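A.B. asks: Here it is: the structure, laid out below.
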Amino acid sequence: MNWEGLAFQAVDGLASASGLFFVAAGLSLIFGVTRIINIAHGSLYMLGTYIAVSLASAIGGPLGFWGGVAATAIIVGVIGALIEIVLLRRIYSAPELFQLLATFALLLVINDAALWLWGPQDLLGPRAPGLRGSLEILGRHMPSYDAFLIVIAPVVLCVLHIVFVRSRFGRLVRAATEDRDMLGALGVNQSVLFTAVFALGAFLAGLGGALQMPREPASLGTDLTVITDAFVVVVVGGMGSIVGSYVAAVIIAEVKALCIGIGLVALGGVSVNFSKFTLIAEFLVMAVVLVARPQGLLGRPQIAVRGEAALEAPIRSASRTLTVFGIAVLVILAALPFLARSSPYTLVLGVDVLIAVLFATSLHFIMGPGGMHSFGHAAYFGLGAYGAALAVRWFAAPMGLALAAAPVAAALGALLFGWFAVRLSGVYLAMLTLAFAQIIWSIIYQWQDLTGGSNGVLGIWPNPPFDRLPVFFLLSLALVAAGVVLMRRILLAPFGYAMRAGRDSPLRAEAIGIDVKKVHWLAFAVAGTVCGVAGGIFAFAKGSISPETISIDHSVNGLVMVLLGGLGTLSGPIVGASVFAILQDFVMQETEYWHALLGGIILVLVLAFPSGLVGGFLRIAARWRRP
Amino acid sequence: MTSLVVTSLSKNFGAVRAVDNVSFSIAGGEFLALIGPNGAGKSTCFNMINGQLAPDGGTVLFDGRGIAGLPPREICRRGIARTFQVAATFGSMTVAENVQMALIAHTREIYRWWRRAASYHRPRALDLLRQVGMQDAADRPCSELAYGDVKRVELAIALASDPQLLLMDEPTAGMAPGERNDLIRLVKALVIERGVSVLFTEHSMDVVFAFADRIVVMARGRIIADGDAKSVRGDPLVQQAYFGSGRTFERAGGVS
């Protein structure tokens with residue numbers, strides 16, 4: 001490490017901060033006015049890069065590049081306006097969770113649309129005409145284009161600032177950020193304002209994506225990485241604050257640049273490569289800010305949005321019919337190895353369904369009764385899976401011990417991350433859990449020596465007699481049934497009630513002596529632990545695991561399962577997980593565009609069946625009973 | 001016997017002294033009203049006593065021990081219960097479960113995780129509901145009750161922790177005039193029976209003058225009067241705070 005190297009990295013960090021700023025500013029702006037975290041903002045950025053590359057290579061020359069960048073920003077802005085008019089307008093009054101999911105569904109659909117349009121290969125863009133040279137800084141060469149990026153972000157920031165301070169549009173946006181109910185009451189046409197703000201946010205994202213063209217290729221993976229980065233920036237800077245976005249983008253980019261600049265360091269005999277910690281460093285900054293100043297560096301404490309989501313009916317313990325039905329299902333499942341002797345695949349699918357059921361039930365535990373919408377539940381599934389797999393790989397642990405290691409690993413992770421998560425609520429909590437899942441993913445992905453990196457861990461096979469599929473199926477069934485019954489008991493016991501009390505009315509719960517944060521923290525840990533069991537079973541069922549188990553995709557699958565079943569009932573996640581796992585098994589083999597289909601399912605659920613399959617069924621049943 | 005002693009309590013919001021050097025006390029079994037025009041600092045004062053705000057200065061002693069700055073749950077455990085201006089109950093639970101939850105919290109059983117919560121303290125909960133006249137609604141979801149009934153349930157929840165002091169922030173806000181008198185009469189009967197002291201803020205003067213044992217009047221962050229209904233009603237400072245001195249227009253010169 002030398003100081004000049006560090007300083008050079010710091011200057012380079014400013015260039016990266018620009019790209020981050022464009023997306024984060026749009027995200028923050030849209031959130032401020034519409035109160036929606038637009039996860040598809042990363043897709044708009046990605047589209048920006050793709051469209052700009054296409055335009056630049058189709059037209060060519062300086063006009064193709066610079067004209068293309070401008071045209072791209074406008075095209076993406078129009079796409080944003082269309083998204084707002086067609087989709088978001090319908091869900092402004094929906095619960096936060098549904099808004100997050102709808103925009104995530106959009107991300108999935110756009111990703112597959114891009115796959116269909118541009119194919120799976122990364123596309124390299126041309127270099128910027130007029131800025132191909134380099135500047136000499138601190139004895140090193142820096143591309144002039146990077147210098148241009150360093151300058152352009154503050155310029156855009158100033159333009160935005162002037163627009164917001166001087167123009168009528170800007171005043172309306174600031175007023176809406178402060179109190180949109182009041183603005184509506186004053187007779188401002190909110191639909192037009194919201195569409196305009198969304199278009200502006202999309203324009204910025206498209207511009208950011210287009211400007212990155214000479215630095216990075218257009219790639220299908222950018223949407224998720226960009227949105228997670230941008231979210232971190234917005235949270236650190238404060239939701240709704242454009243200046244905050246810039247400050248935070250610079251801080252984050254600098255922290256990352258310094259990690260790379262420090263590089264390999266010998267710490268007490270062990271050489272630590274700091275450049276691998278960029279992702280973790282970024283999330284550490286966010287965690288510190290969230291705990292110390294939850295509203296972000298330049299944000300204001302959030303005003304509660306008026307008009308809460310509809311309350312759910314009290315949870316009743318199972319009726320006799322339901323208990324009998326549950327036992328019947330259990331008996332049939334226990335007999336499945338004998339019934340399905342002719343088709344062993346039934347049992348493979350059966351184990352998949354069981355794992356999904358435990359995964360979804362544990363997620364529902366904190367999401368429904370706990371009101372904590374975790375967008376990173378796969379983290380605890382993955383910790384369980386890796387806990388078991390690494391116990392086998394490094395300690396040659398027998399299956400029983402490895403299966404016990406799974407919940408322990410998950411519990412430790414859930415205790416650590418849950419402590420931070422319960423300090424927040426709503427979208428902040430959702431995104432923090434997502435961020436934590438990304439941290440775990442990146443640690444496992446990058447710590448190749450321990451975890452096998454992207455190859456994962458291979459050869460985790462059950463010991464006899466569980467190496468025979470029917471026996472393994474029965475073991476899974478026993479573990480999953482025990483887990484489901486345990487969660488149910490806890491929800492109906494004082495602890496579950498305290499958890500619900502903290503969700504229904506934190507003020508009242510505190511006033512009668514409940515430590516809401518502690519209760520929710522423990523609930524988070526319980527859910528993580530049970531989810532770890534599911535991960536452990538998964539590792540032995542597949543024989544190998546990879547970082548895929550912790551991917552955002554997997555977390556979202558869990559959310560879809562829970563929503564499919566409905567949040568308001570205890571049997572919802574079981575039904576939802578079963579339907580989802582079977583559907584996934586059949587459909588995934590049929591189509592290349594599984595993501596788009598999944599996105600479509602989510603959108604239908606959010607728009608048409610907000611109470612899920614079980615909720616919808618109950619509603620129809622109630623209508624039948626009342627002629 | 002004095003139960004709550006507030007001494008030199010102060011709170012600033014920016015440059016505004018919302019509560020400025022306020023001192024008063026409540027004797028055991030006393031029904032004390034804290035009144036004043038909007039912005040007088042009643043709610044701020046109230047929220048410092050119940051733990052939602054930490055004071056910038058001054059002390060709050062309850063049974064001789066300082067409680068200022070403690071979190072609400074700790075204050076509840078010291079024997080102070082409260083009701084909210086907008087009634088807060090647990091909407092996803094039945095009426096009886098709401099009270100049972102408060103009883104479970106009071107007996108420190110919230111970390112039990114196997115036996116059904118519905119089987120805890122049910123007779124005691126029904127008894128409390130009977131006292132507030134809500135026993136017939138025990139198994140209805142709390143979210144479908146009329147607002148006046150929710151306020152009664154909230155009272156049962158507050159009484160579940162067997163408090164020595166009950167804090168009520170505008171207990172009759174949002175209620176019809178008939179309901180108001182019924183509710184306050186009920187509170188008064190219950191607290192006399194149990195020997196509980198009550199501190200309440202209120203805008204309805206009918207309620208205040210009919211039921212309060214003593215009245216503390218605040219204006220602009222300070223206490224301007226402290227006494228029984230008659231002395232407060234006759235106090236020129238109080239009249240000035242509520243009706244103005246009539247000099248505003250003279251000074252502006254608009255009215256000769």
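In the structure tokens, chains take the letters A, B, ... in the order shown, each chain's residues start at 1, and ligands count up from 1 in the order shown.
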Tell me which protein, DNA and RNA residues are within 10 Å of Leu160 (chain A), counting only C-alpha atoms, leaving out same-chain ones fewer than 3 positions away, and put them as a list of chain:residue names.
C.D. replies: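 Skipping anything fewer than 3 positions along the chain leaves A:Ala25, A:Pro154, A:Val155, A:Val156, A:Leu157, A:Val163, A:Phe164, A:Val165, A:Arg166, A:Gly170, A:Ile242, A:Val243.
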A.B. asks: Write out as a Markdown table the residues of chain A that have any atom within 7 Å of an atom of chain B, one row each with the nearest atom pair and its distance in Å to one decimal, counting only C-alpha atoms, sorted by chain and then rising number.
C.D. replies:
| residue | atom | partner | partner_atom | distance |
| --- | --- | --- | --- | --- |
| A:Leu311 | CA | B:Gly91 | CA | 6.4 |
| A:Glu312 | CA | B:Ser92 | CA | 5.6 |
| A:Ala313 | CA | B:Ser92 | CA | 5.4 |
| A:Pro314 | CA | B:Ser92 | CA | 4.5 |
| A:Arg489 | CA | B:Trp114 | CA | 5.6 |
| A:Ile490 | CA | B:Trp113 | CA | 4.9 |
| A:Leu492 | CA | B:Arg116 | CA | 5.3 |
| A:Ala493 | CA | B:Arg116 | CA | 4.3 |
| A:Pro494 | CA | B:Ala117 | CA | 4.7 |
| A:Phe495 | CA | B:Tyr111 | CA | 5.1 |
| A:Ala498 | CA | B:Ile110 | CA | 6.2 |
| A:Ala501 | CA | B:Phe90 | CA | 5.8 |
| A:Asp504 | CA | B:Phe90 | CA | 5.3 |
| A:Ser505 | CA | B:Phe90 | CA | 6.1 |
| A:Arg508 | CA | B:Ala88 | CA | 5.8 |
| A:Glu510 | CA | B:Arg73 | CA | 4.9 |
| A:Ala511 | CA | B:Arg73 | CA | 5.3 |
| A:Ile512 | CA | B:Ala102 | CA | 5.8 |
| A:Gly513 | CA | B:Arg73 | CA | 3.9 |
| A:Ile514 | CA | B:Arg73 | CA | 6.1 |
| A:Asp515 | CA | B:Arg73 | CA | 6.8 |
A.B. asks: Just want the 10 Å neighbourhood of Ala379 (chain A), counted on only C-alpha atoms, with same-chain residues fewer than 6 positions away dropped. Output as a list in words.
C.D. replies: Ala385, Ala410, Gly413, Ala414, Thr433, Leu434, Ala435, Phe436, Ala437, Gln438, Ile439, Ile440, Trp441, Gly528, Cys531, Gly532, Gly535, Pro547, Thr549, Ile550, Ser551, Ile552, His554 and Ser555 of chain A
A.B. asks: Out of B:Val99, B:Leu32, B:Ala40, B:Met205, which residue has the shortest atom-to-atom distance to Lys188 (chain B) when counting only C-alpha atoms?
C.D. replies: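 Ranked by minimum distance to Lys188 (chain B), first place goes to B:Leu32.
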A.B. asks: Please report, as a PyMOL selection string, each residue of region 26-127 of chain B to which DSSP assigns strand (DSSP E) when run on this structure's backbone.
C.D. replies: chain B and resi 26-27+31-35+57-62+65-66+80-83
A.B. asks: Would you export the selected residues with all heavy atoms as a CSV table (one decimal), in the first residue's frame, please?
C.D. replies:
chain,number,residue,atom,x,y,z
B,26,ILE,N,-49.2,14.7,42.4
B,26,ILE,CA,-50.5,14.0,42.4
B,26,ILE,C,-50.5,13.2,43.7
B,26,ILE,O,-49.6,12.4,43.9
B,26,ILE,CB,-50.8,13.1,41.2
B,26,ILE,CG1,-50.6,13.9,39.9
B,26,ILE,CG2,-52.2,12.5,41.3
B,26,ILE,CD1,-50.6,13.0,38.7
B,27,ALA,N,-51.6,13.4,44.5
B,27,ALA,CA,-51.7,12.5,45.7
B,27,ALA,C,-52.3,11.2,45.4
B,27,ALA,O,-53.0,11.1,44.4
B,27,ALA,CB,-52.5,13.3,46.8
B,31,PHE,N,-57.8,12.5,41.4
B,31,PHE,CA,-58.3,12.6,40.0
B,31,PHE,C,-57.9,14.0,39.5
B,31,PHE,O,-58.6,15.0,39.7
B,31,PHE,CB,-59.8,12.4,40.0
B,31,PHE,CG,-60.3,11.8,38.7
B,31,PHE,CD1,-60.0,10.4,38.5
B,31,PHE,CD2,-61.0,12.5,37.8
B,31,PHE,CE1,-60.5,9.8,37.4
B,31,PHE,CE2,-61.5,11.8,36.7
B,31,PHE,CZ,-61.3,10.5,36.5
B,32,LEU,N,-56.7,14.1,38.8
B,32,LEU,CA,-56.2,15.3,38.5
B,32,LEU,C,-56.2,15.6,37.0
B,32,LEU,O,-55.8,14.8,36.2
B,32,LEU,CB,-54.7,15.4,38.9
B,32,LEU,CG,-53.9,16.7,38.6
B,32,LEU,CD1,-54.4,17.8,39.5
B,32,LEU,CD2,-52.4,16.5,38.8
B,33,ALA,N,-56.8,16.8,36.6
B,33,ALA,CA,-56.9,17.1,35.2
B,33,ALA,C,-55.8,18.1,34.9
B,33,ALA,O,-55.5,19.1,35.6
B,33,ALA,CB,-58.3,17.8,35.0
B,34,LEU,N,-55.2,17.9,33.7
B,34,LEU,CA,-54.2,18.8,33.2
B,34,LEU,C,-54.8,19.5,32.0
B,34,LEU,O,-55.0,18.8,31.0
B,34,LEU,CB,-52.9,18.0,32.9
B,34,LEU,CG,-51.7,18.8,32.3
B,34,LEU,CD1,-51.2,19.7,33.4
B,34,LEU,CD2,-50.6,17.8,32.0
B,35,ILE,N,-55.1,20.8,32.1
B,35,ILE,CA,-55.8,21.4,31.0
B,35,ILE,C,-55.0,22.6,30.5
B,35,ILE,O,-54.0,23.1,31.1
B,35,ILE,CB,-57.2,21.8,31.3
B,35,ILE,CG1,-57.2,22.9,32.4
B,35,ILE,CG2,-58.1,20.6,31.8
B,35,ILE,CD1,-58.6,23.6,32.6
B,57,GLY,N,-34.8,18.7,31.2
B,57,GLY,CA,-34.4,19.0,32.6
B,57,GLY,C,-35.5,18.7,33.5
B,57,GLY,O,-36.7,18.6,33.1
B,58,GLY,N,-35.2,18.6,34.8
B,58,GLY,CA,-36.2,18.3,35.8
B,58,GLY,C,-36.3,16.9,36.2
B,58,GLY,O,-35.7,16.0,35.5
B,59,THR,N,-37.1,16.5,37.2
B,59,THR,CA,-37.3,15.2,37.6
B,59,THR,C,-38.7,14.8,37.7
B,59,THR,O,-39.6,15.6,37.8
B,59,THR,CB,-36.6,15.0,39.0
B,59,THR,OG1,-37.3,15.9,39.9
B,59,THR,CG2,-35.1,15.2,39.0
B,60,VAL,N,-39.0,13.5,37.5
B,60,VAL,CA,-40.3,12.9,37.8
B,60,VAL,C,-40.1,11.8,38.8
B,60,VAL,O,-39.4,10.8,38.5
B,60,VAL,CB,-40.9,12.3,36.5
B,60,VAL,CG1,-42.3,11.8,36.8
B,60,VAL,CG2,-41.0,13.4,35.4
B,61,LEU,N,-40.6,11.9,40.0
B,61,LEU,CA,-40.5,10.9,41.0
B,61,LEU,C,-41.8,10.1,41.1
B,61,LEU,O,-42.9,10.8,41.2
B,61,LEU,CB,-40.1,11.5,42.3
B,61,LEU,CG,-38.8,12.2,42.5
B,61,LEU,CD1,-38.5,12.6,43.9
B,61,LEU,CD2,-37.6,11.2,42.1
B,62,PHE,N,-41.7,8.8,41.1
B,62,PHE,CA,-42.9,8.0,41.4
B,62,PHE,C,-42.6,7.1,42.5
B,62,PHE,O,-41.7,6.4,42.5
B,62,PHE,CB,-43.3,7.2,40.1
B,62,PHE,CG,-44.5,6.4,40.3
B,62,PHE,CD1,-45.8,7.1,40.5
B,62,PHE,CD2,-44.5,5.0,40.2
B,62,PHE,CE1,-46.9,6.3,40.6
B,62,PHE,CE2,-45.7,4.3,40.4
B,62,PHE,CZ,-46.9,5.0,40.6
B,65,ARG,N,-39.1,7.2,43.5
B,65,ARG,CA,-38.0,6.9,42.6
B,65,ARG,C,-38.1,7.6,41.3
B,65,ARG,O,-39.2,7.8,40.8
B,65,ARG,CB,-38.0,5.4,42.3
B,65,ARG,CG,-37.7,4.5,43.6
B,65,ARG,CD,-37.3,3.1,43.2
B,65,ARG,NE,-38.4,2.3,42.8
B,65,ARG,CZ,-38.3,1.2,42.1
B,65,ARG,NH1,-37.1,0.7,41.9
B,65,ARG,NH2,-39.3,0.5,41.8
B,66,GLY,N,-36.9,8.0,40.7
B,66,GLY,CA,-36.9,8.8,39.5
B,66,GLY,C,-37.4,7.9,38.3
B,66,GLY,O,-36.8,6.8,38.1
B,80,ILE,N,-47.4,2.4,36.5
B,80,ILE,CA,-48.1,3.5,35.8
B,80,ILE,C,-48.7,2.9,34.5
B,80,ILE,O,-47.9,2.4,33.7
B,80,ILE,CB,-47.2,4.6,35.5
B,80,ILE,CG1,-46.5,5.2,36.8
B,80,ILE,CG2,-47.9,5.7,34.8
B,80,ILE,CD1,-45.6,6.3,36.6
B,81,ALA,N,-50.0,3.0,34.3
B,81,ALA,CA,-50.6,2.5,33.1
B,81,ALA,C,-51.1,3.7,32.3
B,81,ALA,O,-51.2,4.8,32.9
B,81,ALA,CB,-51.7,1.6,33.4
B,82,ARG,N,-51.4,3.5,31.0
B,82,ARG,CA,-51.9,4.7,30.3
B,82,ARG,C,-52.9,4.3,29.2
B,82,ARG,O,-53.0,3.2,28.8
B,82,ARG,CB,-50.7,5.4,29.6
B,82,ARG,CG,-50.1,4.6,28.5
B,82,ARG,CD,-49.1,5.4,27.7
B,82,ARG,NE,-49.8,6.5,27.1
B,82,ARG,CZ,-49.3,7.2,26.1
B,82,ARG,NH1,-48.0,7.0,25.7
B,82,ARG,NH2,-49.9,8.2,25.6
B,83,THR,N,-53.7,5.3,28.8
B,83,THR,CA,-54.5,5.1,27.6
B,83,THR,C,-54.1,6.2,26.6
B,83,THR,O,-53.4,7.2,27.0
B,83,THR,CB,-56.0,5.3,27.9
B,83,THR,OG1,-56.2,6.6,28.4
B,83,THR,CG2,-56.4,4.3,29.0
A.B. asks: I'd like the contact shell of Leu474 (chain A) - 10 Å cut-off, only C-alpha atoms, skipping same-chain residues fewer than 3 positions apart - returned as a ChimeraX atom specification.
C.D. replies: /A:333-337,347,351,466,469-471,477-480
A.B. asks: Those same residues - N, CA, C and O atoms - I'd like them written as a PDB file, in the first residue's frame.
C.D. replies:
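Ended up saving to again25.pdb:
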ATOM      1  N   LEU A 333     -48.836 -38.566   3.326  1.00  0.00           N
ATOM      2  CA  LEU A 333     -47.433 -38.283   2.992  1.00  0.00           C
ATOM      3  C   LEU A 333     -46.522 -39.377   3.539  1.00  0.00           C
ATOM      4  O   LEU A 333     -45.574 -39.798   2.873  1.00  0.00           O
ATOM      5  N   ALA A 334     -46.823 -39.846   4.766  1.00  0.00           N
ATOM      6  CA  ALA A 334     -45.993 -40.892   5.355  1.00  0.00           C
ATOM      7  C   ALA A 334     -46.098 -42.177   4.551  1.00  0.00           C
ATOM      8  O   ALA A 334     -45.153 -42.973   4.501  1.00  0.00           O
ATOM      9  N   ALA A 335     -47.241 -42.381   3.897  1.00  0.00           N
ATOM     10  CA  ALA A 335     -47.435 -43.601   3.113  1.00  0.00           C
ATOM     11  C   ALA A 335     -46.908 -43.442   1.695  1.00  0.00           C
ATOM     12  O   ALA A 335     -46.857 -44.406   0.931  1.00  0.00           O
ATOM     13  N   LEU A 336     -46.498 -42.195   1.345  1.00  0.00           N
ATOM     14  CA  LEU A 336     -46.094 -41.920  -0.037  1.00  0.00           C
ATOM     15  C   LEU A 336     -44.992 -42.855  -0.561  1.00  0.00           C
ATOM     16  O   LEU A 336     -45.061 -43.316  -1.697  1.00  0.00           O
ATOM     17  N   PRO A 337     -43.965 -43.154   0.252  1.00  0.00           N
ATOM     18  CA  PRO A 337     -42.922 -44.057  -0.252  1.00  0.00           C
ATOM     19  C   PRO A 337     -43.478 -45.390  -0.726  1.00  0.00           C
ATOM     20  O   PRO A 337     -42.916 -46.020  -1.625  1.00  0.00           O
ATOM     21  N   LEU A 347     -40.976 -38.922  -5.091  1.00  0.00           N
ATOM     22  CA  LEU A 347     -40.335 -38.672  -3.798  1.00  0.00           C
ATOM     23  C   LEU A 347     -39.329 -37.530  -3.883  1.00  0.00           C
ATOM     24  O   LEU A 347     -39.188 -36.749  -2.945  1.00  0.00           O
ATOM     25  N   VAL A 351     -39.645 -34.283  -1.551  1.00  0.00           N
ATOM     26  CA  VAL A 351     -38.649 -33.662  -0.672  1.00  0.00           C
ATOM     27  C   VAL A 351     -38.526 -32.169  -0.991  1.00  0.00           C
ATOM     28  O   VAL A 351     -38.477 -31.334  -0.086  1.00  0.00           O
ATOM     29  N   PHE A 466     -30.248 -43.559   5.430  1.00  0.00           N
ATOM     30  CA  PHE A 466     -30.952 -42.440   4.797  1.00  0.00           C
ATOM     31  C   PHE A 466     -30.518 -42.226   3.356  1.00  0.00           C
ATOM     32  O   PHE A 466     -31.030 -41.349   2.675  1.00  0.00           O
ATOM     33  N   LEU A 469     -33.791 -43.228  -0.851  1.00  0.00           N
ATOM     34  CA  LEU A 469     -34.704 -42.102  -1.001  1.00  0.00           C
ATOM     35  C   LEU A 469     -35.954 -42.184  -0.116  1.00  0.00           C
ATOM     36  O   LEU A 469     -36.304 -41.209   0.551  1.00  0.00           O
ATOM     37  N   PRO A 470     -36.638 -43.346  -0.062  1.00  0.00           N
ATOM     38  CA  PRO A 470     -37.856 -43.395   0.771  1.00  0.00           C
ATOM     39  C   PRO A 470     -37.557 -43.060   2.232  1.00  0.00           C
ATOM     40  O   PRO A 470     -38.328 -42.346   2.885  1.00  0.00           O
ATOM     41  N   VAL A 471     -36.432 -43.539   2.739  1.00  0.00           N
ATOM     42  CA  VAL A 471     -36.097 -43.274   4.141  1.00  0.00           C
ATOM     43  C   VAL A 471     -35.775 -41.794   4.327  1.00  0.00           C
ATOM     44  O   VAL A 471     -36.187 -41.169   5.305  1.00  0.00           O
ATOM     45  N   LEU A 477     -39.808 -35.524   6.097  1.00  0.00           N
ATOM     46  CA  LEU A 477     -41.188 -35.317   6.512  1.00  0.00           C
ATOM     47  C   LEU A 477     -41.264 -35.080   8.017  1.00  0.00           C
ATOM     48  O   LEU A 477     -41.933 -34.154   8.495  1.00  0.00           O
ATOM     49  N   ALA A 478     -40.531 -35.922   8.774  1.00  0.00           N
ATOM     50  CA  ALA A 478     -40.567 -35.796  10.233  1.00  0.00           C
ATOM     51  C   ALA A 478     -40.025 -34.428  10.659  1.00  0.00           C
ATOM     52  O   ALA A 478     -40.623 -33.730  11.488  1.00  0.00           O
ATOM     53  N   LEU A 479     -38.880 -34.033  10.080  1.00  0.00           N
ATOM     54  CA  LEU A 479     -38.278 -32.752  10.471  1.00  0.00           C
ATOM     55  C   LEU A 479     -39.179 -31.578  10.088  1.00  0.00           C
ATOM     56  O   LEU A 479     -39.388 -30.656  10.885  1.00  0.00           O
ATOM     57  N   VAL A 480     -39.717 -31.621   8.881  1.00  0.00           N
ATOM     58  CA  VAL A 480     -40.540 -30.507   8.417  1.00  0.00           C
ATOM     59  C   VAL A 480     -41.824 -30.428   9.234  1.00  0.00           C
ATOM     60  O   VAL A 480     -42.229 -29.336   9.666  1.00  0.00           O
TER      61      VAL A 480
END
A.B. asks: Would you list the contacts of Glu179 (chain B) as a list in words, taking every protein, DNA or RNA residue within 12 Å and counting only C-alpha atoms, but skipping same-chain residues closer than 2 positions in sequence?
C.D. replies: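 Once the adjacent positions are removed, what remains is Ala146, Tyr147, Gly148, Asp149, Lys151, Arg152, Pro171, Thr172, Ala173, Gly174, Met175, Ala176, Pro177, Asn181, Asp182, Leu183, Ile184, Arg185, Leu186 and Val207 of chain B.
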A.B. asks: Only N, CA and C atoms, please: the residues just picked out, written as a tab-separated table (two decimals), in the first residue's frame.
C.D. replies:
chain	number	residue	atom	x	y	z
B	146	ALA	N	-67.11	-0.63	17.98
B	146	ALA	CA	-67.34	0.81	17.84
B	146	ALA	C	-66.28	1.53	18.68
B	147	TYR	N	-65.98	2.79	18.31
B	147	TYR	CA	-64.85	3.47	18.94
B	147	TYR	C	-65.01	3.61	20.46
B	148	GLY	N	-66.23	3.93	20.88
B	148	GLY	CA	-66.46	4.07	22.32
B	148	GLY	C	-66.14	2.78	23.06
B	149	ASP	N	-66.46	1.65	22.43
B	149	ASP	CA	-66.18	0.36	23.05
B	149	ASP	C	-64.68	0.06	23.08
B	151	LYS	N	-62.42	2.21	23.45
B	151	LYS	CA	-61.89	2.99	24.58
B	151	LYS	C	-62.10	2.23	25.90
B	152	ARG	N	-63.23	1.56	26.02
B	152	ARG	CA	-63.48	0.78	27.24
B	152	ARG	C	-62.51	-0.41	27.34
B	171	PRO	N	-58.99	11.32	27.28
B	171	PRO	CA	-59.74	10.07	27.25
B	171	PRO	C	-61.04	10.14	26.47
B	172	THR	N	-61.64	11.33	26.34
B	172	THR	CA	-62.94	11.36	25.66
B	172	THR	C	-62.86	11.92	24.25
B	173	ALA	N	-61.64	12.10	23.72
B	173	ALA	CA	-61.52	12.65	22.37
B	173	ALA	C	-62.20	11.71	21.37
B	174	GLY	N	-62.93	12.28	20.46
B	174	GLY	CA	-63.56	11.49	19.42
B	174	GLY	C	-64.83	10.77	19.85
B	175	MET	N	-65.35	11.11	21.05
B	175	MET	CA	-66.55	10.42	21.50
B	175	MET	C	-67.75	11.37	21.53
B	176	ALA	N	-68.96	10.78	21.47
B	176	ALA	CA	-70.18	11.58	21.55
B	176	ALA	C	-70.35	12.06	22.99
B	177	PRO	N	-71.02	13.21	23.20
B	177	PRO	CA	-71.14	13.79	24.55
B	177	PRO	C	-71.68	12.79	25.58
B	181	ASN	N	-69.48	11.26	29.23
B	181	ASN	CA	-69.80	11.24	30.65
B	181	ASN	C	-69.80	9.82	31.19
B	182	ASP	N	-70.33	8.88	30.37
B	182	ASP	CA	-70.37	7.49	30.82
B	182	ASP	C	-68.96	6.98	31.08
B	183	LEU	N	-68.07	7.25	30.14
B	183	LEU	CA	-66.72	6.73	30.27
B	183	LEU	C	-66.02	7.31	31.49
B	184	ILE	N	-66.10	8.61	31.65
B	184	ILE	CA	-65.39	9.24	32.77
B	184	ILE	C	-66.01	8.80	34.10
B	185	ARG	N	-67.35	8.66	34.12
B	185	ARG	CA	-67.98	8.19	35.33
B	185	ARG	C	-67.46	6.80	35.68
B	186	LEU	N	-67.33	5.96	34.63
B	186	LEU	CA	-66.81	4.60	34.83
B	186	LEU	C	-65.39	4.66	35.38
B	207	VAL	N	-66.51	17.75	31.26
B	207	VAL	CA	-65.93	16.57	31.91
B	207	VAL	C	-65.00	17.01	33.03
A.B. asks: Write out as a list in words the residues lying within 10 Å of Phe365 (chain A), counting only C-alpha atoms and excluding same-chain residues fewer than 5 positions away.
C.D. replies: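 Neighbouring residues, sequence-local ones excluded: Ala360, Gly370, Gly371, Met372, Met487, Arg488, Ile490, Leu491, Gly496, Met499, Ala523, Phe524, Val526, Ala527, Gly528, Val562, Leu567, Leu570 and Pro573 of chain A.
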A.B. asks: Quick one: of A:Val11, A:Ala391, A:Thr49, A:Arg35, who's nearest to Glu136 (chain A), counting only C-alpha atoms?
C.D. replies: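 Smallest distance to Glu136 (chain A) is found for A:Val11.
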A.B. asks: Rounded to one decimal in Å, what is the spacing between CA of Asn12 (chain B) and CA of Met168 (chain B)?
C.D. replies: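 Straight-line distance from CA of Asn12 (chain B) to CA of Met168 (chain B) works out to 22.9 Å.
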A.B. asks: Please, which residues of region 9-201 of chain B, numbered as in this document, come out alpha helix (DSSP H) from DSSP, as JSON, numbers by chain?
C.D. replies: {"B": [42, 43, 44, 45, 46, 47, 48, 49, 72, 73, 74, 75, 76, 77, 95, 96, 97, 98, 99, 100, 101, 102, 103, 104, 105, 106, 122, 123, 124, 125, 126, 127, 128, 129, 130, 131, 147, 148, 149, 150, 151, 152, 153, 154, 155, 156, 157, 158, 159, 160, 177, 178, 179, 180, 181, 182, 183, 184, 185, 186, 187, 188, 189, 190, 191, 192, 193, 194]}
A.B. asks: From the set A:Ile582, A:Ala128, A:Ala257, A:Leu44, which residue has the shortest atom-to-atom contact distance to Asp352 (chain A), counting only C-alpha atoms?
C.D. replies: A:Ile582
